[in-house]
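Shown next: entry17.pdb, containing PDB, C-alpha atoms.
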ATOM      1  CA  MET A   1     107.616  80.345 136.151  1.00  0.00           C
ATOM      2  CA  GLU A   2     109.247  81.295 132.854  1.00  0.00           C
ATOM      3  CA  THR A   3     108.623  84.839 131.618  1.00  0.00           C
ATOM      4  CA  TYR A   4     107.483  85.769 128.118  1.00  0.00           C
ATOM      5  CA  ILE A   5     107.390  89.319 126.776  1.00  0.00           C
ATOM      6  CA  VAL A   6     105.086  90.594 124.029  1.00  0.00           C
ATOM      7  CA  VAL A   7     105.930  94.059 122.686  1.00  0.00           C
ATOM      8  CA  GLY A   8     103.621  96.026 120.392  1.00  0.00           C
ATOM      9  CA  LEU A   9     105.417  98.881 118.647  1.00  0.00           C
ATOM     10  CA  GLY A  10     103.839 102.281 118.063  1.00  0.00           C
ATOM     11  CA  ASN A  11     104.046 105.964 118.915  1.00  0.00           C
ATOM     12  CA  PRO A  12     102.534 107.564 122.027  1.00  0.00           C
ATOM     13  CA  GLY A  13     100.101 110.455 121.731  1.00  0.00           C
ATOM     14  CA  ALA A  14      96.561 110.954 120.472  1.00  0.00           C
ATOM     15  CA  GLN A  15      97.775 112.260 117.108  1.00  0.00           C
ATOM     16  CA  TYR A  16      99.254 108.796 116.340  1.00  0.00           C
ATOM     17  CA  ALA A  17      96.289 106.700 117.483  1.00  0.00           C
ATOM     18  CA  ARG A  18      94.909 104.391 114.783  1.00  0.00           C
ATOM     19  CA  THR A  19      97.703 105.237 112.323  1.00  0.00           C
ATOM     20  CA  ARG A  20      99.479 102.610 110.253  1.00  0.00           C
ATOM     21  CA  HIS A  21     102.621 102.898 112.399  1.00  0.00           C
ATOM     22  CA  ASN A  22     100.616 101.850 115.480  1.00  0.00           C
ATOM     23  CA  ALA A  23      99.577  98.442 114.122  1.00  0.00           C
ATOM     24  CA  GLY A  24     101.723  96.761 116.788  1.00  0.00           C
ATOM     25  CA  TRP A  25     100.018  98.702 119.578  1.00  0.00           C
ATOM     26  CA  GLU A  26      96.565  97.919 118.224  1.00  0.00           C
ATOM     27  CA  SER A  27      97.338  94.202 117.956  1.00  0.00           C
ATOM     28  CA  LEU A  28      98.602  94.190 121.550  1.00  0.00           C
ATOM     29  CA  GLU A  29      95.439  95.985 122.690  1.00  0.00           C
ATOM     30  CA  VAL A  30      93.402  93.002 121.460  1.00  0.00           C
ATOM     31  CA  LEU A  31      95.290  90.839 123.984  1.00  0.00           C
ATOM     32  CA  VAL A  32      94.836  93.476 126.694  1.00  0.00           C
ATOM     33  CA  ARG A  33      91.056  93.276 126.191  1.00  0.00           C
ATOM     34  CA  ARG A  34      90.883  89.482 125.793  1.00  0.00           C
ATOM     35  CA  TRP A  35      92.945  88.801 128.885  1.00  0.00           C
ATOM     36  CA  ASN A  36      91.562  91.706 130.920  1.00  0.00           C
ATOM     37  CA  ALA A  37      95.157  92.819 131.526  1.00  0.00           C
ATOM     38  CA  PRO A  38      95.196  96.634 131.407  1.00  0.00           C
ATOM     39  CA  LEU A  39      98.463  98.393 130.607  1.00  0.00           C
ATOM     40  CA  ILE A  40      98.745 100.347 133.833  1.00  0.00           C
ATOM     41  CA  LYS A  41     102.267  99.793 135.083  1.00  0.00           C
ATOM     42  CA  LYS A  42     104.685 102.527 133.972  1.00  0.00           C
ATOM     43  CA  LYS A  43     108.199 101.149 133.908  1.00  0.00           C
ATOM     44  CA  PHE A  44     111.212 101.047 131.596  1.00  0.00           C
ATOM     45  CA  ASP A  45     109.818 103.772 129.309  1.00  0.00           C
ATOM     46  CA  GLY A  46     106.776 101.609 128.632  1.00  0.00           C
ATOM     47  CA  LEU A  47     103.230 100.770 129.694  1.00  0.00           C
ATOM     48  CA  LEU A  48     103.109  97.217 131.025  1.00  0.00           C
ATOM     49  CA  ALA A  49     100.663  94.556 132.075  1.00  0.00           C
ATOM     50  CA  GLU A  50     101.850  91.467 133.931  1.00  0.00           C
ATOM     51  CA  THR A  51      99.545  88.487 133.646  1.00  0.00           C
ATOM     52  CA  THR A  52      99.521  84.739 133.096  1.00  0.00           C
ATOM     53  CA  TYR A  53      98.425  82.844 130.022  1.00  0.00           C
ATOM     54  CA  ASP A  54      98.482  79.077 129.532  1.00  0.00           C
ATOM     55  CA  GLY A  55     100.497  78.713 132.736  1.00  0.00           C
ATOM     56  CA  LYS A  56     103.146  81.203 131.637  1.00  0.00           C
ATOM     57  CA  ARG A  57     104.016  84.598 133.072  1.00  0.00           C
ATOM     58  CA  VAL A  58     103.459  87.136 130.284  1.00  0.00           C
ATOM     59  CA  VAL A  59     104.455  90.785 130.201  1.00  0.00           C
ATOM     60  CA  LEU A  60     102.615  92.906 127.639  1.00  0.00           C
ATOM     61  CA  CYS A  61     104.367  96.146 126.709  1.00  0.00           C
ATOM     62  CA  GLN A  62     103.725  99.263 124.664  1.00  0.00           C
ATOM     63  CA  PRO A  63     106.959 101.285 124.622  1.00  0.00           C
ATOM     64  CA  GLN A  64     106.288 104.954 125.355  1.00  0.00           C
ATOM     65  CA  THR A  65     109.431 106.117 123.631  1.00  0.00           C
ATOM     66  CA  PHE A  66     108.816 107.147 120.075  1.00  0.00           C
ATOM     67  CA  MET A  67     109.188 104.391 117.492  1.00  0.00           C
ATOM     68  CA  ASN A  68     112.826 105.197 116.685  1.00  0.00           C
ATOM     69  CA  ALA A  69     113.834 104.629 120.335  1.00  0.00           C
ATOM     70  CA  SER A  70     111.809 101.433 121.004  1.00  0.00           C
ATOM     71  CA  GLY A  71     114.977  99.495 121.744  1.00  0.00           C
ATOM     72  CA  GLU A  72     115.629 101.468 124.930  1.00  0.00           C
ATOM     73  CA  CYS A  73     112.456 100.089 126.497  1.00  0.00           C
ATOM     74  CA  VAL A  74     112.981  96.559 125.158  1.00  0.00           C
ATOM     75  CA  GLN A  75     116.562  96.361 126.411  1.00  0.00           C
ATOM     76  CA  GLN A  76     115.448  97.317 129.939  1.00  0.00           C
ATOM     77  CA  LEU A  77     112.574  94.799 129.871  1.00  0.00           C
ATOM     78  CA  LEU A  78     114.808  91.899 128.840  1.00  0.00           C
ATOM     79  CA  ALA A  79     117.345  92.734 131.548  1.00  0.00           C
ATOM     80  CA  TRP A  80     114.805  93.245 134.358  1.00  0.00           C
ATOM     81  CA  TYR A  81     112.798  90.086 133.664  1.00  0.00           C
ATOM     82  CA  LYS A  82     115.932  88.064 132.784  1.00  0.00           C
ATOM     83  CA  CYS A  83     114.009  86.911 129.765  1.00  0.00           C
ATOM     84  CA  PRO A  84     115.754  84.823 127.116  1.00  0.00           C
ATOM     85  CA  LEU A  85     115.570  86.491 123.725  1.00  0.00           C
ATOM     86  CA  GLU A  86     113.516  83.685 122.170  1.00  0.00           C
ATOM     87  CA  ASN A  87     110.827  84.341 124.828  1.00  0.00           C
ATOM     88  CA  MET A  88     110.161  87.820 123.452  1.00  0.00           C
ATOM     89  CA  LEU A  89     107.832  88.487 120.525  1.00  0.00           C
ATOM     90  CA  VAL A  90     107.547  91.880 118.811  1.00  0.00           C
ATOM     91  CA  ILE A  91     104.525  93.004 116.764  1.00  0.00           C
ATOM     92  CA  TYR A  92     105.005  95.862 114.307  1.00  0.00           C
ATOM     93  CA  ASP A  93     103.756  97.439 111.088  1.00  0.00           C
ATOM     94  CA  ASP A  94     105.311  96.543 107.732  1.00  0.00           C
ATOM     95  CA  ILE A  95     105.028  98.654 104.579  1.00  0.00           C
ATOM     96  CA  ASP A  96     106.418  95.789 102.487  1.00  0.00           C
ATOM     97  CA  LEU A  97     103.287  93.713 103.082  1.00  0.00           C
ATOM     98  CA  PRO A  98      99.842  94.422 101.642  1.00  0.00           C
ATOM     99  CA  VAL A  99      97.229  95.893 103.965  1.00  0.00           C
ATOM    100  CA  ALA A 100      95.932  93.295 106.456  1.00  0.00           C
ATOM    101  CA  LYS A 101      98.533  90.627 105.573  1.00  0.00           C
ATOM    102  CA  LEU A 102     100.509  88.959 108.393  1.00  0.00           C
ATOM    103  CA  ARG A 103     103.995  87.489 108.352  1.00  0.00           C
ATOM    104  CA  VAL A 104     105.344  85.575 111.331  1.00  0.00           C
ATOM    105  CA  ARG A 105     109.065  84.844 111.613  1.00  0.00           C
ATOM    106  CA  LYS A 106     111.366  83.172 114.164  1.00  0.00           C
ATOM    107  CA  SER A 107     114.029  85.824 113.679  1.00  0.00           C
ATOM    108  CA  GLY A 108     115.430  88.201 111.102  1.00  0.00           C
ATOM    109  CA  SER A 109     116.796  91.620 110.352  1.00  0.00           C
ATOM    110  CA  SER A 110     115.094  94.947 110.969  1.00  0.00           C
ATOM    111  CA  GLY A 111     114.399  95.504 107.281  1.00  0.00           C
ATOM    112  CA  THR A 112     113.324  99.098 106.743  1.00  0.00           C
ATOM    113  CA  HIS A 113     111.636  99.431 110.147  1.00  0.00           C
ATOM    114  CA  ASN A 114     113.210 102.024 112.464  1.00  0.00           C
ATOM    115  CA  GLY A 115     111.625 100.582 115.618  1.00  0.00           C
ATOM    116  CA  MET A 116     113.093  97.163 114.896  1.00  0.00           C
ATOM    117  CA  ARG A 117     116.417  98.761 113.978  1.00  0.00           C
ATOM    118  CA  SER A 118     116.454 100.461 117.395  1.00  0.00           C
ATOM    119  CA  ILE A 119     115.697  97.160 119.151  1.00  0.00           C
ATOM    120  CA  LEU A 120     118.480  95.320 117.332  1.00  0.00           C
ATOM    121  CA  GLN A 121     120.957  98.105 118.084  1.00  0.00           C
ATOM    122  CA  CYS A 122     120.062  98.138 121.782  1.00  0.00           C
ATOM    123  CA  ILE A 123     120.334  94.356 122.200  1.00  0.00           C
ATOM    124  CA  GLY A 124     123.648  94.044 120.407  1.00  0.00           C
ATOM    125  CA  GLY A 125     122.379  93.043 116.976  1.00  0.00           C
ATOM    126  CA  GLN A 126     120.894  89.750 118.166  1.00  0.00           C
ATOM    127  CA  GLN A 127     118.054  88.709 115.856  1.00  0.00           C
ATOM    128  CA  GLY A 128     116.889  85.494 117.534  1.00  0.00           C
ATOM    129  CA  PHE A 129     113.411  86.526 118.652  1.00  0.00           C
ATOM    130  CA  PRO A 130     110.044  85.983 116.964  1.00  0.00           C
ATOM    131  CA  ARG A 131     108.136  88.781 115.342  1.00  0.00           C
ATOM    132  CA  VAL A 132     104.720  89.363 113.817  1.00  0.00           C
ATOM    133  CA  ARG A 133     104.738  91.813 110.921  1.00  0.00           C
ATOM    134  CA  VAL A 134     101.381  93.465 110.204  1.00  0.00           C
ATOM    135  CA  GLY A 135     100.991  94.659 106.627  1.00  0.00           C
ATOM    136  CA  VAL A 136      99.944  98.298 106.254  1.00  0.00           C
ATOM    137  CA  GLY A 137     100.572  98.611 102.508  1.00  0.00           C
ATOM    138  CA  SER A 138     103.305 100.364 100.575  1.00  0.00           C
ATOM    139  CA  LYS A 139     103.272 104.114 100.252  1.00  0.00           C
ATOM    140  CA  PRO A 140     101.496 105.447  97.196  1.00  0.00           C
ATOM    141  CA  GLU A 141     103.428 107.280  94.500  1.00  0.00           C
ATOM    142  CA  GLY A 142     104.244 110.819  95.578  1.00  0.00           C
ATOM    143  CA  TRP A 143     103.809 110.173  99.314  1.00  0.00           C
ATOM    144  CA  ASP A 144     106.566 110.758 101.847  1.00  0.00           C
ATOM    145  CA  LEU A 145     107.198 107.539 103.825  1.00  0.00           C
ATOM    146  CA  ALA A 146     106.761 109.246 107.225  1.00  0.00           C
ATOM    147  CA  ASP A 147     103.462 110.785 106.100  1.00  0.00           C
ATOM    148  CA  TRP A 148     102.268 107.376 104.903  1.00  0.00           C
ATOM    149  CA  VAL A 149     103.008 105.419 108.089  1.00  0.00           C
ATOM    150  CA  LEU A 150     101.573 108.221 110.210  1.00  0.00           C
ATOM    151  CA  SER A 151      98.346 108.299 108.188  1.00  0.00           C
ATOM    152  CA  THR A 152      95.111 106.555 109.136  1.00  0.00           C
ATOM    153  CA  TYR A 153      93.438 103.950 106.962  1.00  0.00           C
ATOM    154  CA  ARG A 154      91.828 105.620 103.982  1.00  0.00           C
ATOM    155  CA  VAL A 155      88.583 103.694 103.609  1.00  0.00           C
ATOM    156  CA  ALA A 156      86.278 101.895 106.027  1.00  0.00           C
ATOM    157  CA  GLU A 157      86.974  98.536 104.336  1.00  0.00           C
ATOM    158  CA  GLU A 158      90.689  98.942 104.981  1.00  0.00           C
ATOM    159  CA  ARG A 159      90.083  99.713 108.666  1.00  0.00           C
ATOM    160  CA  GLU A 160      87.712  96.750 108.955  1.00  0.00           C
ATOM    161  CA  ALA A 161      90.295  94.414 107.382  1.00  0.00           C
ATOM    162  CA  MET A 162      92.939  95.721 109.769  1.00  0.00           C
ATOM    163  CA  GLU A 163      90.723  95.090 112.812  1.00  0.00           C
ATOM    164  CA  LYS A 164      90.489  91.430 111.740  1.00  0.00           C
ATOM    165  CA  THR A 165      94.258  91.347 111.240  1.00  0.00           C
ATOM    166  CA  PHE A 166      94.912  92.772 114.718  1.00  0.00           C
ATOM    167  CA  ALA A 167      92.738  89.952 116.116  1.00  0.00           C
ATOM    168  CA  LYS A 168      94.636  87.395 114.023  1.00  0.00           C
ATOM    169  CA  ALA A 169      97.956  88.791 115.290  1.00  0.00           C
ATOM    170  CA  ALA A 170      96.642  88.283 118.840  1.00  0.00           C
ATOM    171  CA  ASP A 171      95.634  84.709 117.901  1.00  0.00           C
ATOM    172  CA  VAL A 172      99.207  84.149 116.701  1.00  0.00           C
ATOM    173  CA  VAL A 173     100.619  85.377 120.028  1.00  0.00           C
ATOM    174  CA  GLU A 174      98.334  83.025 121.944  1.00  0.00           C
ATOM    175  CA  ASP A 175      99.315  80.143 119.659  1.00  0.00           C
ATOM    176  CA  TRP A 176     103.016  80.975 120.151  1.00  0.00           C
ATOM    177  CA  LEU A 177     102.572  80.849 123.922  1.00  0.00           C
ATOM    178  CA  LYS A 178     100.700  77.528 123.757  1.00  0.00           C
ATOM    179  CA  ASN A 179     102.448  75.691 120.920  1.00  0.00           C
ATOM    180  CA  GLY A 180     105.703  77.467 120.042  1.00  0.00           C
ATOM    181  CA  ILE A 181     106.830  79.599 117.134  1.00  0.00           C
ATOM    182  CA  ASP A 182     106.769  76.916 114.419  1.00  0.00           C
ATOM    183  CA  HIS A 183     103.090  76.267 115.035  1.00  0.00           C
ATOM    184  CA  ALA A 184     102.345  79.991 115.292  1.00  0.00           C
ATOM    185  CA  MET A 185     104.084  80.568 111.941  1.00  0.00           C
ATOM    186  CA  GLN A 186     101.758  78.029 110.304  1.00  0.00           C
ATOM    187  CA  LEU A 187      98.739  79.850 111.703  1.00  0.00           C
ATOM    188  CA  GLY A 188      99.953  83.382 110.959  1.00  0.00           C
ATOM    189  CA  ASN A 189     101.394  82.839 107.503  1.00  0.00           C
ATOM    190  CA  ARG A 190      98.270  81.183 106.081  1.00  0.00           C
ATOM    191  CA  GLY A 191      96.379  83.159 103.465  1.00  0.00           C
TER     192      GLY A 191
END
Whole structure, structure tokens version:
Amino acid sequence: METYIVVGLGNPGAQYARTRHNAGWESLEVLVRRWNAPLIKKKFDGLLAETTYDGKRVVLCQPQTFMNASGECVQQLLAWYKCPLENMLVIYDDIDLPVAKLRVRKSGSSGTHNGMRSILQCIGGQQGFPRVRVGVGSKPEGWDLADWVLSTYRVAEEREAMEKTFAKAADVVEDWLKNGIDHAMQLGNRG
């Protein structure tokens, strides 16, 4: 059975829970709940769940390194599961997208995201894996970037919109597993 890996990026620790930088973790947690696949296995500097979906073996992972070292966990996962790069999907926050907006891509650069930069560095610069970018909004004037991404959503409406977006990101992952990345891009990039 072919293995697929879904990685949600974020930072460990209660002080980072529900912050903008943990949008990848929160999206992954939707799948954890839907599939009843708790992240209980500690391996490769990450929390893992191994399950099946649509006849495929799927590994869900929340790296437990801090964001800037996410690649260490991802590199170990790919090697252990002998997973082809195109069978890995990474979900992460994006300050270049408006709050609650999704962008799904087949591949690409790391942009300004340190977690993605770490992944690309650790896997030799290869960019050929799908990703789901979850918009968390650009930093307001006068804010430090680190303070912005480590902040929580400012109003209840923003949080509510993000909850829907986390669910949509999970829908995209399921669609990717069933129908491939081109189909998942159509679903995720709508609206």
Which of A:Glu72, A:Val7, A:Asp54, A:Ser27 sits closest to A:Val172 [using only C-alpha atoms]: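 Smallest separation from A:Val172 among the options: A:Ser27.
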Between A:Asp182, A:Glu163, A:Glu2, A:Asp147, which residue has the minimum interatomic distance to A:Gly55, considering all atoms listed in the file?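 Closest residue, counting all atoms listed in the file: A:Glu2.
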Considering only C-alpha atoms, state which residue in the set A:Leu102, A:Leu60, A:Leu9, A:Ile119 is at the smallest distance from A:Met185.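 Closest to A:Met185, using only C-alpha atoms: A:Leu102.
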Between A:Gly188, A:Gly71, A:Gly10, A:Gly180, which residue has the minimum interatomic distance to A:Ile123, considering only C-alpha atoms?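 Nearest to A:Ile123: A:Gly71.
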So what do you get for atom CA of A:Thr19 versus atom CA of A:Trp148, distance-wise?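 Computing it gives 9.0 Å between the two atoms.
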Atom CA of A:Glu26 and atom CA of A:Phe166 are how many Å apart?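 The value is 6.4 Å.
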Please list as a list in words every residue within 9 Å of A:Asp93, counting only C-alpha atoms and excluding residues in the same chain fewer than 2 positions away. Leu9, Gly10, Arg20, His21, Asn22, Ala23, Gly24, Ile91, Ile95, Leu97, His113, Val132, Arg133, Val134, Gly135, Val136 and Val149 of chain A
List as a list in words the protein and nucleic acid residues near A:Ser70, meaning an atom at most 7 Å away when all atoms listed in the file are counted, but skip any in the same chain fewer than 4 places from it.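 Surrounding residues, per the criterion: Pro63, Thr65, Phe66, Val74, Gly115, Ser118 and Ile119 of chain A.
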Long-range neighbours of A:Met88 as a ChimeraX atom specification, 12 Å cut-off, all atoms listed in the file, 4 positions minimum in chain: /A:2-8,57-61,74-75,77-79,81-84,106-107,119,127-132,173,176-177,180-181
Sphere at (94.4, 91.9, 121.4), radius 10 Å, counting all atoms listed in the file: residues as number ranges by chain: A: 24-36, 163, 166-171, 173-174
Produce a file of the selected residues containing C-alpha atoms, as a compact mmCIF listing (two decimals), keeping the file's coordinate frame.
# COMPACT_ATOMS: atom_id res chain seq x y z
CA GLY A 24 101.72 96.76 116.79
CA TRP A 25 100.02 98.70 119.58
CA GLU A 26 96.56 97.92 118.22
CA SER A 27 97.34 94.20 117.96
CA LEU A 28 98.60 94.19 121.55
CA GLU A 29 95.44 95.98 122.69
CA VAL A 30 93.40 93.00 121.46
CA LEU A 31 95.29 90.84 123.98
CA VAL A 32 94.84 93.48 126.69
CA ARG A 33 91.06 93.28 126.19
CA ARG A 34 90.88 89.48 125.79
CA TRP A 35 92.94 88.80 128.88
CA ASN A 36 91.56 91.71 130.92
CA GLU A 163 90.72 95.09 112.81
CA PHE A 166 94.91 92.77 114.72
CA ALA A 167 92.74 89.95 116.12
CA LYS A 168 94.64 87.40 114.02
CA ALA A 169 97.96 88.79 115.29
CA ALA A 170 96.64 88.28 118.84
CA ASP A 171 95.63 84.71 117.90
CA VAL A 173 100.62 85.38 120.03
CA GLU A 174 98.33 83.02 121.94
Please evaluate the PyMOL selection byres ((chain A and resi 41-47) around 6) against the displayed coordinates and give the resulting residues as a list in words.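 Output from the PyMOL selection byres ((chain A and resi 41-47) around 6), applied to this file: Leu39, Ile40, Leu48, Cys61, Gln62, Pro63, Gln64, Cys73 and Gln76 of chain A.
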Shortest interatomic distance to A:His183 - which of A:Ala49, A:Val104, A:Pro38, A:Gly13, counting all atoms listed in the file: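 The shortest atom-to-atom distance to A:His183 comes from A:Val104.
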